[in-house]
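Reading through the structure tokens given below for one structure.
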Amino acid sequence: MYVCFMGILRETVLGRTGLKVRTLGFGGIPIQRVSEEETIKIVRHCYELGMNYYDTARGYTVSEERIGQALEDVRENVYLATKSHQRTAEGIWKELEVSLGNLRTDYIDVYQLHNVTNQQQWEEVRAPGGAMEAVNQAFEDGKIKHISVTSHNPDLAIELVKSGLFESLMIPYNYLTPKPAEKLLPLCKELNVGTIIMKPFGGGAFSNANTALKYVFNDPSTDIVIPGVMSIEEVDENWAIWLGDMSISEEEKELIEFDRRELGDKFCRGCNYCQPCPQSIPISYMLRAEKQMLRRMGWSDSRVEGMKKAFAKVETCIECGECESRCPYELPIIKLLPESVASLKVHMENRTIP
């Protein structure tokens, strides 16, 4: 990573891709929750600031389409990354064509196999007729410029990186998910595999965005960080942090320790891989409501009504375990849901903030 002074954009080369990227990129999940008009303004604002790496996915509903609209006329000045959950060659071909259309381009700069997190998925994508077959052919055809992978499992990710199949890796990394720093990120640096960091804010759980961003940028094995944003104000806040002094003060170290005590390792990151629930239980909403949503937004009459409806849904749980099998953090969701309901009911009755 280049040495940077205030006002000078930090850049690096993203591993073997050779792409010269600004080390603060754009994460395309939260823009699903704002209007199309506002999304286009947000994305365009990022471009005007100087951001050049934009990450989305076929599974992020309208995210690809909106990014494509916002950046179509400046396509040659930016790098577009998207991903697919498909494990077969046939599935990849279908989703790649949709992604190309949505992003209004004839090639994807970084195409990622999405959330390869267990051994079965890893075997599926490499099998005859598997996803790698289509990705490699799309690379030969020029529809994909660089092949990448994302994972929520740092142990399996070591195997993914060692395979030599991928030029970059996306992984969650933050001060409550520090394991990638032990072996995985240094290995990526050693093998020249670019590192793309997602979930720097723990899915919105952390008390201070400044400290969270500084923490991941202070790791010399971090190439690019892609926090999700929902407003121009959030973009500007992240941008100012990125251009500023990255040193972590004693007060910020105390904030990190506070979050570690409060959240532990059993907190929901809001990735929503547990969905869809066959009973339509809003799992991440329930697990994140107490220590995240309510602390930011407080109680209101409408929130009470929404919470009551969610409580009723939790009561329909059939304990099928589908959510737990899909959770990349192996949370004991079946156990945590009723615990969350019990605690939230007390706070709701007294209108207290956890």
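We label chains A, B, ... in the order they appear in the structure tokens, count residues from 1 in each chain, and number ligands from 1 in the order shown.
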
Would you return as a ChimeraX atom specification the members of region 17-230 of chain A that DSSP assigns to strand (DSSP E) on this structure's backbone? /A:20-22,26-27,53-55,79-84,108-113,144-150,168-172,194-198,224-225

Would you save the residues of that selection, restricted to N, CA and C atoms, as a CSV table (one decimal), in the first residue's frame?
chain,number,residue,atom,x,y,z
A,20,LYS,N,-5.2,-1.5,-10.5
A,20,LYS,CA,-4.8,-0.5,-9.6
A,20,LYS,C,-6.0,0.1,-9.0
A,21,VAL,N,-6.3,-0.2,-7.7
A,21,VAL,CA,-7.6,0.2,-7.1
A,21,VAL,C,-7.3,1.1,-5.9
A,22,ARG,N,-8.3,2.0,-5.7
A,22,ARG,CA,-8.3,2.8,-4.5
A,22,ARG,C,-8.7,1.8,-3.4
A,26,PHE,N,-16.6,0.2,-2.9
A,26,PHE,CA,-18.1,0.3,-2.6
A,26,PHE,C,-18.7,-1.0,-2.5
A,27,GLY,N,-19.4,-1.2,-1.3
A,27,GLY,CA,-20.1,-2.5,-1.1
A,27,GLY,C,-21.6,-2.3,-1.4
A,53,TYR,N,-13.7,1.1,-7.4
A,53,TYR,CA,-14.0,-0.3,-7.3
A,53,TYR,C,-15.4,-0.5,-6.7
A,54,TYR,N,-16.3,-1.2,-7.4
A,54,TYR,CA,-17.7,-1.3,-7.1
A,54,TYR,C,-18.1,-2.8,-7.0
A,55,ASP,N,-18.5,-3.3,-5.9
A,55,ASP,CA,-18.8,-4.7,-5.7
A,55,ASP,C,-20.3,-4.9,-5.5
A,79,TYR,N,-13.8,-0.3,-12.0
A,79,TYR,CA,-13.8,-1.7,-12.0
A,79,TYR,C,-15.1,-2.2,-11.3
A,80,LEU,N,-15.7,-3.1,-12.0
A,80,LEU,CA,-17.0,-3.7,-11.6
A,80,LEU,C,-16.8,-5.2,-11.2
A,81,ALA,N,-17.2,-5.5,-9.9
A,81,ALA,CA,-17.1,-6.8,-9.4
A,81,ALA,C,-18.5,-7.3,-9.1
A,82,THR,N,-18.8,-8.5,-9.5
A,82,THR,CA,-20.1,-9.1,-9.1
A,82,THR,C,-19.8,-10.6,-8.8
A,83,LYS,N,-20.9,-11.3,-8.4
A,83,LYS,CA,-20.7,-12.7,-8.0
A,83,LYS,C,-22.0,-13.5,-8.2
A,84,SER,N,-21.8,-14.8,-8.1
A,84,SER,CA,-22.9,-15.7,-8.3
A,84,SER,C,-22.8,-16.9,-7.3
A,108,ILE,N,-17.0,-8.3,-17.0
A,108,ILE,CA,-16.9,-8.1,-15.6
A,108,ILE,C,-15.5,-8.1,-15.2
A,109,ASP,N,-15.0,-7.1,-14.5
A,109,ASP,CA,-13.6,-7.0,-14.1
A,109,ASP,C,-13.2,-8.1,-13.1
A,110,VAL,N,-14.0,-8.3,-12.1
A,110,VAL,CA,-13.7,-9.3,-11.1
A,110,VAL,C,-15.0,-10.1,-10.9
A,111,TYR,N,-15.0,-11.4,-11.3
A,111,TYR,CA,-16.2,-12.3,-11.2
A,111,TYR,C,-15.9,-13.3,-10.1
A,112,GLN,N,-16.8,-13.4,-9.1
A,112,GLN,CA,-16.5,-14.1,-7.9
A,112,GLN,C,-17.5,-15.3,-7.7
A,113,LEU,N,-17.0,-16.4,-7.3
A,113,LEU,CA,-17.9,-17.5,-6.8
A,113,LEU,C,-18.3,-17.1,-5.4
A,144,ILE,N,-15.2,-12.3,-18.6
A,144,ILE,CA,-14.6,-12.1,-17.2
A,144,ILE,C,-13.1,-11.8,-17.4
A,145,LYS,N,-12.7,-10.8,-16.7
A,145,LYS,CA,-11.3,-10.4,-16.8
A,145,LYS,C,-10.5,-11.1,-15.7
A,146,HIS,N,-11.1,-11.3,-14.5
A,146,HIS,CA,-10.3,-11.8,-13.4
A,146,HIS,C,-11.3,-12.7,-12.5
A,147,ILE,N,-10.8,-13.9,-12.1
A,147,ILE,CA,-11.6,-14.9,-11.4
A,147,ILE,C,-11.3,-14.8,-9.9
A,148,SER,N,-12.4,-14.7,-9.1
A,148,SER,CA,-12.2,-14.5,-7.7
A,148,SER,C,-13.2,-15.4,-6.9
A,149,VAL,N,-13.1,-15.4,-5.6
A,149,VAL,CA,-14.0,-16.2,-4.8
A,149,VAL,C,-14.3,-15.4,-3.5
A,150,THR,N,-15.4,-15.7,-2.9
A,150,THR,CA,-15.7,-15.1,-1.5
A,150,THR,C,-16.0,-16.3,-0.6
A,168,SER,N,-8.1,-13.2,-6.5
A,168,SER,CA,-8.4,-12.4,-5.3
A,168,SER,C,-9.4,-13.2,-4.5
A,169,LEU,N,-9.5,-12.8,-3.2
A,169,LEU,CA,-10.4,-13.4,-2.2
A,169,LEU,C,-11.1,-12.3,-1.4
A,170,MET,N,-12.4,-12.5,-1.3
A,170,MET,CA,-13.2,-11.6,-0.4
A,170,MET,C,-13.5,-12.4,0.9
A,171,ILE,N,-13.3,-11.8,2.0
A,171,ILE,CA,-13.5,-12.4,3.3
A,171,ILE,C,-13.9,-11.4,4.4
A,172,PRO,N,-14.8,-11.8,5.3
A,172,PRO,CA,-15.1,-10.8,6.4
A,172,PRO,C,-13.9,-10.7,7.3
A,194,GLY,N,-5.1,-11.0,-4.2
A,194,GLY,CA,-5.7,-9.8,-3.6
A,194,GLY,C,-6.7,-10.0,-2.5
A,195,THR,N,-6.7,-9.2,-1.5
A,195,THR,CA,-7.6,-9.3,-0.4
A,195,THR,C,-8.7,-8.2,-0.4
A,196,ILE,N,-9.9,-8.6,-0.4
A,196,ILE,CA,-11.1,-7.7,-0.4
A,196,ILE,C,-11.8,-7.9,0.9
A,197,ILE,N,-11.9,-6.9,1.7
A,197,ILE,CA,-12.4,-7.1,3.0
A,197,ILE,C,-13.9,-6.6,3.1
A,198,MET,N,-14.8,-7.5,3.4
A,198,MET,CA,-16.2,-7.2,3.7
A,198,MET,C,-16.5,-7.2,5.1
A,224,ILE,N,-8.1,-4.0,-0.2
A,224,ILE,CA,-9.3,-3.1,-0.4
A,224,ILE,C,-10.4,-3.4,0.6
A,225,VAL,N,-11.1,-2.4,1.1
A,225,VAL,CA,-12.2,-2.6,2.0
A,225,VAL,C,-13.4,-2.0,1.4

Restrict the calculation to only C-alpha atoms, then for each residue of region 102-160 of chain A with any atom at most 6 Å from an atom of region 58-77 of chain A give the closest atom pair and their distance in Å to one decimal, rows by chain and rising residue number, as a Markdown table.
| residue | atom | partner | partner_atom | distance |
| --- | --- | --- | --- | --- |
| A:Asn102 | CA | A:Glu65 | CA | 4.4 |
| A:Leu103 | CA | A:Gly68 | CA | 3.8 |
| A:Arg104 | CA | A:Gly68 | CA | 5.4 |

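Look at region 181-183 of chain A: the protein and nucleic acid residues within 12 Å of it, using only C-alpha atoms and passing over chain neighbours fewer than 4 places away, are A:Pro154, A:Asp155, A:Leu156, A:Ala157, A:Ile158, A:Glu159, A:Val161, A:Ile171, A:Pro172, A:Tyr173, A:Asn174, A:Tyr175, A:Leu176, A:Thr177, A:Leu187, A:Cys188, A:Lys189, A:Glu190, A:Thr195, A:Ile197, A:Tyr215, A:Val216, A:Phe217, A:Asn218, A:Asp219, A:Pro220, A:Ser221, A:Thr222.
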
Residues within 8 Å of region 320-322 of chain A, only C-alpha atoms, excluding chain neighbours under 4 positions, as an MDAnalysis selection string: chainID A and resid 274 277 326 334

Using only C-alpha atoms, determine which residues lie at most 10 Å from region 243-254 of chain A, disregarding the query and same-chain residues fewer than 3 positions distant; provide the list as a ChimeraX atom specification. /A:4-10,24,208,210-218,238-240,257-260

Would you put the residues from that selection into a file with N, CA and C atoms, as a PDB file, in the first residue's frame?
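Now in again.pdb:
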ATOM      1  N   CYS A   4       0.546   7.605   2.167  1.00  0.00           N
ATOM      2  CA  CYS A   4      -0.421   8.612   1.748  1.00  0.00           C
ATOM      3  C   CYS A   4      -0.480   9.762   2.744  1.00  0.00           C
ATOM      4  N   PHE A   5      -0.530  10.967   2.226  1.00  0.00           N
ATOM      5  CA  PHE A   5      -0.737  12.146   3.057  1.00  0.00           C
ATOM      6  C   PHE A   5      -2.160  12.630   2.863  1.00  0.00           C
ATOM      7  N   MET A   6      -2.642  13.475   3.798  1.00  0.00           N
ATOM      8  CA  MET A   6      -4.006  13.978   3.751  1.00  0.00           C
ATOM      9  C   MET A   6      -4.346  14.501   2.357  1.00  0.00           C
ATOM     10  N   GLY A   7      -5.476  14.016   1.807  1.00  0.00           N
ATOM     11  CA  GLY A   7      -5.951  14.513   0.526  1.00  0.00           C
ATOM     12  C   GLY A   7      -5.417  13.744  -0.664  1.00  0.00           C
ATOM     13  N   ILE A   8      -4.466  12.820  -0.476  1.00  0.00           N
ATOM     14  CA  ILE A   8      -3.925  12.031  -1.575  1.00  0.00           C
ATOM     15  C   ILE A   8      -4.561  10.643  -1.514  1.00  0.00           C
ATOM     16  N   LEU A   9      -5.068  10.179  -2.651  1.00  0.00           N
ATOM     17  CA  LEU A   9      -5.809   8.925  -2.657  1.00  0.00           C
ATOM     18  C   LEU A   9      -4.884   7.731  -2.465  1.00  0.00           C
ATOM     19  N   ARG A  10      -5.257   6.861  -1.533  1.00  0.00           N
ATOM     20  CA  ARG A  10      -4.495   5.644  -1.301  1.00  0.00           C
ATOM     21  C   ARG A  10      -4.847   4.628  -2.382  1.00  0.00           C
ATOM     22  N   LEU A  24     -10.292   2.047  -0.682  1.00  0.00           N
ATOM     23  CA  LEU A  24     -11.661   2.099  -0.173  1.00  0.00           C
ATOM     24  C   LEU A  24     -12.596   1.911  -1.355  1.00  0.00           C
ATOM     25  N   ASN A 208     -18.480   2.383  16.597  1.00  0.00           N
ATOM     26  CA  ASN A 208     -17.754   3.496  16.003  1.00  0.00           C
ATOM     27  C   ASN A 208     -17.174   3.099  14.650  1.00  0.00           C
ATOM     28  N   ASN A 210     -15.422   4.912  12.575  1.00  0.00           N
ATOM     29  CA  ASN A 210     -14.046   5.387  12.402  1.00  0.00           C
ATOM     30  C   ASN A 210     -13.055   4.333  12.851  1.00  0.00           C
ATOM     31  N   THR A 211     -13.265   3.836  14.055  1.00  0.00           N
ATOM     32  CA  THR A 211     -12.343   2.862  14.633  1.00  0.00           C
ATOM     33  C   THR A 211     -12.343   1.567  13.840  1.00  0.00           C
ATOM     34  N   ALA A 212     -13.524   1.119  13.419  1.00  0.00           N
ATOM     35  CA  ALA A 212     -13.627  -0.141  12.680  1.00  0.00           C
ATOM     36  C   ALA A 212     -12.861  -0.074  11.367  1.00  0.00           C
ATOM     37  N   LEU A 213     -13.008   1.020  10.636  1.00  0.00           N
ATOM     38  CA  LEU A 213     -12.277   1.156   9.371  1.00  0.00           C
ATOM     39  C   LEU A 213     -10.773   1.225   9.596  1.00  0.00           C
ATOM     40  N   LYS A 214     -10.370   1.995  10.575  1.00  0.00           N
ATOM     41  CA  LYS A 214      -8.942   2.111  10.855  1.00  0.00           C
ATOM     42  C   LYS A 214      -8.345   0.740  11.191  1.00  0.00           C
ATOM     43  N   TYR A 215      -9.095  -0.053  11.948  1.00  0.00           N
ATOM     44  CA  TYR A 215      -8.592  -1.360  12.369  1.00  0.00           C
ATOM     45  C   TYR A 215      -8.211  -2.220  11.168  1.00  0.00           C
ATOM     46  N   VAL A 216      -9.106  -2.328  10.177  1.00  0.00           N
ATOM     47  CA  VAL A 216      -8.804  -3.199   9.039  1.00  0.00           C
ATOM     48  C   VAL A 216      -7.751  -2.588   8.128  1.00  0.00           C
ATOM     49  N   PHE A 217      -7.749  -1.259   7.993  1.00  0.00           N
ATOM     50  CA  PHE A 217      -6.737  -0.626   7.147  1.00  0.00           C
ATOM     51  C   PHE A 217      -5.346  -0.695   7.764  1.00  0.00           C
ATOM     52  N   ASN A 218      -5.268  -0.869   9.074  1.00  0.00           N
ATOM     53  CA  ASN A 218      -3.965  -0.971   9.725  1.00  0.00           C
ATOM     54  C   ASN A 218      -3.285  -2.308   9.475  1.00  0.00           C
ATOM     55  N   ASN A 238     -16.971   7.828   5.611  1.00  0.00           N
ATOM     56  CA  ASN A 238     -15.956   6.803   5.341  1.00  0.00           C
ATOM     57  C   ASN A 238     -14.785   7.388   4.566  1.00  0.00           C
ATOM     58  N   TRP A 239     -15.099   8.255   3.612  1.00  0.00           N
ATOM     59  CA  TRP A 239     -14.054   8.846   2.759  1.00  0.00           C
ATOM     60  C   TRP A 239     -13.103   9.706   3.595  1.00  0.00           C
ATOM     61  N   ALA A 240     -13.666  10.479   4.531  1.00  0.00           N
ATOM     62  CA  ALA A 240     -12.838  11.328   5.386  1.00  0.00           C
ATOM     63  C   ALA A 240     -11.930  10.489   6.279  1.00  0.00           C
ATOM     64  N   GLU A 257     -12.601  -2.657  22.829  1.00  0.00           N
ATOM     65  CA  GLU A 257     -12.794  -3.565  23.954  1.00  0.00           C
ATOM     66  C   GLU A 257     -14.241  -3.554  24.428  1.00  0.00           C
ATOM     67  N   PHE A 258     -14.897  -2.394  24.361  1.00  0.00           N
ATOM     68  CA  PHE A 258     -16.309  -2.304  24.729  1.00  0.00           C
ATOM     69  C   PHE A 258     -17.154  -3.200  23.831  1.00  0.00           C
ATOM     70  N   ASP A 259     -16.937  -3.106  22.513  1.00  0.00           N
ATOM     71  CA  ASP A 259     -17.692  -3.937  21.584  1.00  0.00           C
ATOM     72  C   ASP A 259     -17.400  -5.413  21.800  1.00  0.00           C
ATOM     73  N   ARG A 260     -16.156  -5.737  22.078  1.00  0.00           N
ATOM     74  CA  ARG A 260     -15.811  -7.136  22.320  1.00  0.00           C
ATOM     75  C   ARG A 260     -16.549  -7.684  23.530  1.00  0.00           C
TER      76      ARG A 260
END

Residue contacts of Pro332 (chain A) (10 Å, only C-alpha atoms) excluding same-chain residues fewer than 4 positions away, as a JSON list (two decimals) with N, CA and C atoms, in the first residue's frame:
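File produced: part-v4.json:
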[["chain", "number", "residue", "atom", "x", "y", "z"],
["A", 266, "LYS", "N", -21.09, -14.22, 19.44],
["A", 266, "LYS", "CA", -22.39, -14.77, 19.06],
["A", 266, "LYS", "C", -23.34, -13.66, 18.60],
["A", 321, "GLY", "N", -33.75, -26.33, 11.41],
["A", 321, "GLY", "CA", -32.30, -26.20, 11.35],
["A", 321, "GLY", "C", -31.75, -25.69, 10.04],
["A", 323, "CYS", "N", -31.74, -22.69, 8.84],
["A", 323, "CYS", "CA", -31.02, -21.44, 9.06],
["A", 323, "CYS", "C", -29.62, -21.69, 9.61],
["A", 324, "GLU", "N", -29.52, -22.60, 10.57],
["A", 324, "GLU", "CA", -28.23, -22.88, 11.18],
["A", 324, "GLU", "C", -27.27, -23.53, 10.19],
["A", 325, "SER", "N", -27.80, -24.35, 9.28],
["A", 325, "SER", "CA", -26.93, -25.00, 8.30],
["A", 325, "SER", "C", -26.36, -23.99, 7.30],
["A", 327, "CYS", "N", -25.86, -20.61, 8.12],
["A", 327, "CYS", "CA", -25.17, -19.49, 8.78],
["A", 327, "CYS", "C", -23.66, -19.67, 8.69],
["A", 336, "LEU", "N", -30.93, -18.94, 20.04],
["A", 336, "LEU", "CA", -30.83, -17.48, 20.22],
["A", 336, "LEU", "C", -32.16, -16.77, 20.01],
["A", 337, "LEU", "N", -33.00, -17.27, 19.10],
["A", 337, "LEU", "CA", -34.25, -16.57, 18.79],
["A", 337, "LEU", "C", -35.16, -16.41, 20.01]]

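A straight line drawn from CA of Ser284 (chain A) to CA of Gly270 (chain A) is 5.6 Å long.
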
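Of the listed residues A:Lys143, A:Lys179, A:Lys291, A:Arg16, the one whose atoms come nearest to Ser343 (chain A) is A:Lys291, with distances taken using only C-alpha atoms.
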
At what distance in Å, to one decimal, does CA of Leu287 (chain A) lie from CA of Leu331 (chain A)? 10.4 Å

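You will find CA of Ser151 (chain A) at 23.4 Å from CA of Pro282 (chain A).
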
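Each of A:Ala205, A:Ala310, A:Ala134, A:Ile256 was compared to Cys271 (chain A) using only C-alpha atoms, and A:Ala205 turns out to be the nearest.
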
Among A:Phe139, A:Trp299, A:Tyr329, A:Tyr107, Glu349 (chain A) is approached most closely, using only C-alpha atoms, by A:Trp299

Can you check which residues of region 87-259 of chain A DSSP gives as helix (DSSP H, G or I) on the backbone and send them as a PyMOL selection string? chain A and resi 89-102+119-126+131-140+154-162+179-181+184-191+209-217+232-243+250-259
